[in-house]
Amino acid sequence: MKIAIACDHGALNLKREIIKYLSSNGYEYVDFGTDSFDSCDYPDFALPAAEAVANGSCDRGIVVCSTGIGVSIVANKVPGIRCAHCHDSYCAKFTRLHNDANMLAMGEKVVGVGYALEIVETFLTTQFEGGRHQRRVDKISAVEKKYCK
């Protein structure tokens, strides 16, 4: 599984820890930046990560900023993206089971590294249930098609 990963200056430390986790667990990843603590704009990094998931060059994505909110908003503007802002493993599990989320957003100032890595593991290892949930995901896609022209 290939993972798109991106952050802004407020979550560089967390991104680095997630990359260590991905590497040590056999995941391939594409790092869309940033690589600096200099102030920057999160859309510049979250957008190309989301585009990589939407176009299929990456299977899933992880975007992080100080809160996780900004990067999730940006990612969810890209057609085909279902980015879930999670700060616990329960939400990470059920966004995969029920929503087939293809991107995860977290905040470095909200979630400690240890728990963030548990959230990442849950997100990456939980499979979509399908069934009645597919009907709901299809309705989300229909809303997207209606408004994203």
# chains A, B, ... in the order shown; residues from 1 in each chain; ligands from 1
$ residues_around --residues "A:Gly130" --least-positions-apart "5" --cutoff "9 Å" --atoms "only C-alpha atoms" --output "PDB file with N, CA, C and O atoms, in the first residue's frame"
ATOM      1  N   LEU A  97     -14.441   1.381   8.319  1.00  0.00           N
ATOM      2  CA  LEU A  97     -15.496   0.370   8.220  1.00  0.00           C
ATOM      3  C   LEU A  97     -16.737   0.900   7.508  1.00  0.00           C
ATOM      4  O   LEU A  97     -17.297   0.216   6.646  1.00  0.00           O
ATOM      5  N   HIS A  98     -17.176   2.093   7.874  1.00  0.00           N
ATOM      6  CA  HIS A  98     -18.470   2.598   7.416  1.00  0.00           C
ATOM      7  C   HIS A  98     -18.398   3.639   6.316  1.00  0.00           C
ATOM      8  O   HIS A  98     -19.338   3.760   5.526  1.00  0.00           O
ATOM      9  N   ASN A  99     -17.325   4.427   6.250  1.00  0.00           N
ATOM     10  CA  ASN A  99     -17.249   5.527   5.278  1.00  0.00           C
ATOM     11  C   ASN A  99     -16.252   5.271   4.159  1.00  0.00           C
ATOM     12  O   ASN A  99     -16.161   6.069   3.243  1.00  0.00           O
ATOM     13  N   ASP A 100     -15.480   4.211   4.264  1.00  0.00           N
ATOM     14  CA  ASP A 100     -14.414   3.933   3.304  1.00  0.00           C
ATOM     15  C   ASP A 100     -13.536   5.163   3.098  1.00  0.00           C
ATOM     16  O   ASP A 100     -13.157   5.507   1.970  1.00  0.00           O
ATOM     17  N   ARG A 135     -24.002   1.782   0.085  1.00  0.00           N
ATOM     18  CA  ARG A 135     -25.114   2.638  -0.354  1.00  0.00           C
ATOM     19  C   ARG A 135     -24.902   4.070   0.148  1.00  0.00           C
ATOM     20  O   ARG A 135     -25.117   5.030  -0.575  1.00  0.00           O
ATOM     21  N   VAL A 137     -21.955   5.490   1.048  1.00  0.00           N
ATOM     22  CA  VAL A 137     -20.796   6.069   0.367  1.00  0.00           C
ATOM     23  C   VAL A 137     -21.192   6.508  -1.045  1.00  0.00           C
ATOM     24  O   VAL A 137     -20.771   7.564  -1.514  1.00  0.00           O
TER      25      VAL A 137
END
$ residues_around --residues "A:Val71" --least-positions-apart "3" --cutoff "12 Å" --atoms "only C-alpha atoms" --output "PyMOL selection string"
chain A and resi 5-8+10-11+41-50+61-68+74-78+83-86+103-108
$ select_by_dssp --residues "chain A" --states "strand (DSSP E or B)" --output "number ranges by chain"
A: 2-7, 28-31, 60-65, 83-85, 103-107
$ closest_residue --among "A:Leu14, A:Ala101, A:Met1, A:Ala52" --to "A:Gly26" --atoms "only C-alpha atoms"
A:Met1
$ closest_atom_pairs --of "stretch 26-92 of chain A" --to "stretch 112-129 of chain A" --cutoff "9 Å" --atoms "only C-alpha atoms" --output "tab-separated table"
residue	atom	partner	partner_atom	distance
A:Arg60	CA	A:Leu124	CA	8.1
A:Ile62	CA	A:Val120	CA	8.2
A:Cys86	CA	A:Ile119	CA	7.8
A:His87	CA	A:Ile119	CA	7.5
A:Asp88	CA	A:Ile119	CA	6.1
A:Ser89	CA	A:Ile119	CA	4.6
A:Tyr90	CA	A:Ile119	CA	8.3
A:Cys91	CA	A:Ile119	CA	8.6
A:Ala92	CA	A:Phe123	CA	5.1
$ write_last_selection --atoms "N, CA, C and O atoms" --output "mmCIF file, in the first residue's frame"
data_model
loop_
_atom_site.group_PDB
_atom_site.id
_atom_site.type_symbol
_atom_site.label_atom_id
_atom_site.label_comp_id
_atom_site.auth_asym_id
_atom_site.auth_seq_id
_atom_site.Cartn_x
_atom_site.Cartn_y
_atom_site.Cartn_z
ATOM 1 N N ARG A 60 -3.873 5.544 -0.120
ATOM 2 C CA ARG A 60 -4.474 6.304 0.974
ATOM 3 C C ARG A 60 -3.575 7.478 1.290
ATOM 4 O O ARG A 60 -2.426 7.536 0.844
ATOM 5 N N ILE A 62 -2.406 10.562 4.434
ATOM 6 C CA ILE A 62 -2.386 11.066 5.805
ATOM 7 C C ILE A 62 -1.896 12.503 5.728
ATOM 8 O O ILE A 62 -0.817 12.766 5.188
ATOM 9 N N CYS A 86 -9.559 12.584 12.553
ATOM 10 C CA CYS A 86 -9.694 11.659 13.688
ATOM 11 C C CYS A 86 -8.703 12.014 14.787
ATOM 12 O O CYS A 86 -7.553 12.333 14.504
ATOM 13 N N HIS A 87 -9.155 11.919 16.017
ATOM 14 C CA HIS A 87 -8.238 12.069 17.141
ATOM 15 C C HIS A 87 -8.370 10.912 18.120
ATOM 16 O O HIS A 87 -7.963 10.998 19.261
ATOM 17 N N ASP A 88 -8.936 9.806 17.631
ATOM 18 C CA ASP A 88 -8.940 8.574 18.423
ATOM 19 C C ASP A 88 -9.055 7.379 17.482
ATOM 20 O O ASP A 88 -9.455 7.514 16.323
ATOM 21 N N SER A 89 -8.671 6.214 17.978
ATOM 22 C CA SER A 89 -8.655 5.023 17.135
ATOM 23 C C SER A 89 -10.059 4.503 16.839
ATOM 24 O O SER A 89 -10.278 3.865 15.816
ATOM 25 N N TYR A 90 -11.020 4.779 17.711
ATOM 26 C CA TYR A 90 -12.403 4.378 17.451
ATOM 27 C C TYR A 90 -12.911 5.033 16.165
ATOM 28 O O TYR A 90 -13.459 4.365 15.291
ATOM 29 N N CYS A 91 -12.713 6.347 16.066
ATOM 30 C CA CYS A 91 -13.147 7.061 14.862
ATOM 31 C C CYS A 91 -12.380 6.584 13.635
ATOM 32 O O CYS A 91 -12.955 6.446 12.548
ATOM 33 N N ALA A 92 -11.080 6.333 13.782
ATOM 34 C CA ALA A 92 -10.281 5.830 12.658
ATOM 35 C C ALA A 92 -10.810 4.484 12.173
ATOM 36 O O ALA A 92 -10.885 4.231 10.967
#
$ atom_distance --atom1 "atom CA of A:Ser57" --atom2 "atom CA of A:Ile69"
24.1 Å
$ select_by_dssp --residues "stretch 54-112 of chain A" --states "helix (DSSP H, G or I)" --output "VMD selection string"
chain A and resid 54 69 to 75 89 to 99
$ residues_around --residues "A:Ala54" --least-positions-apart "6" --cutoff "8 Å" --atoms "only C-alpha atoms" --output "list in words"
Val78, Pro79, Gly80 and Ile81 of chain A
$ atom_distance --atom1 "atom CA of A:Ser39" --atom2 "atom CA of A:Asn13"
14.0 Å
$ closest_residue --among "A:Thr95, A:Asn102, A:Ser24, A:Ser36" --to "A:Ala4" --atoms "only C-alpha atoms"
A:Asn102
$ atom_distance --atom1 "atom CA of A:Tyr27" --atom2 "atom CA of A:Gly70"
25.3 Å
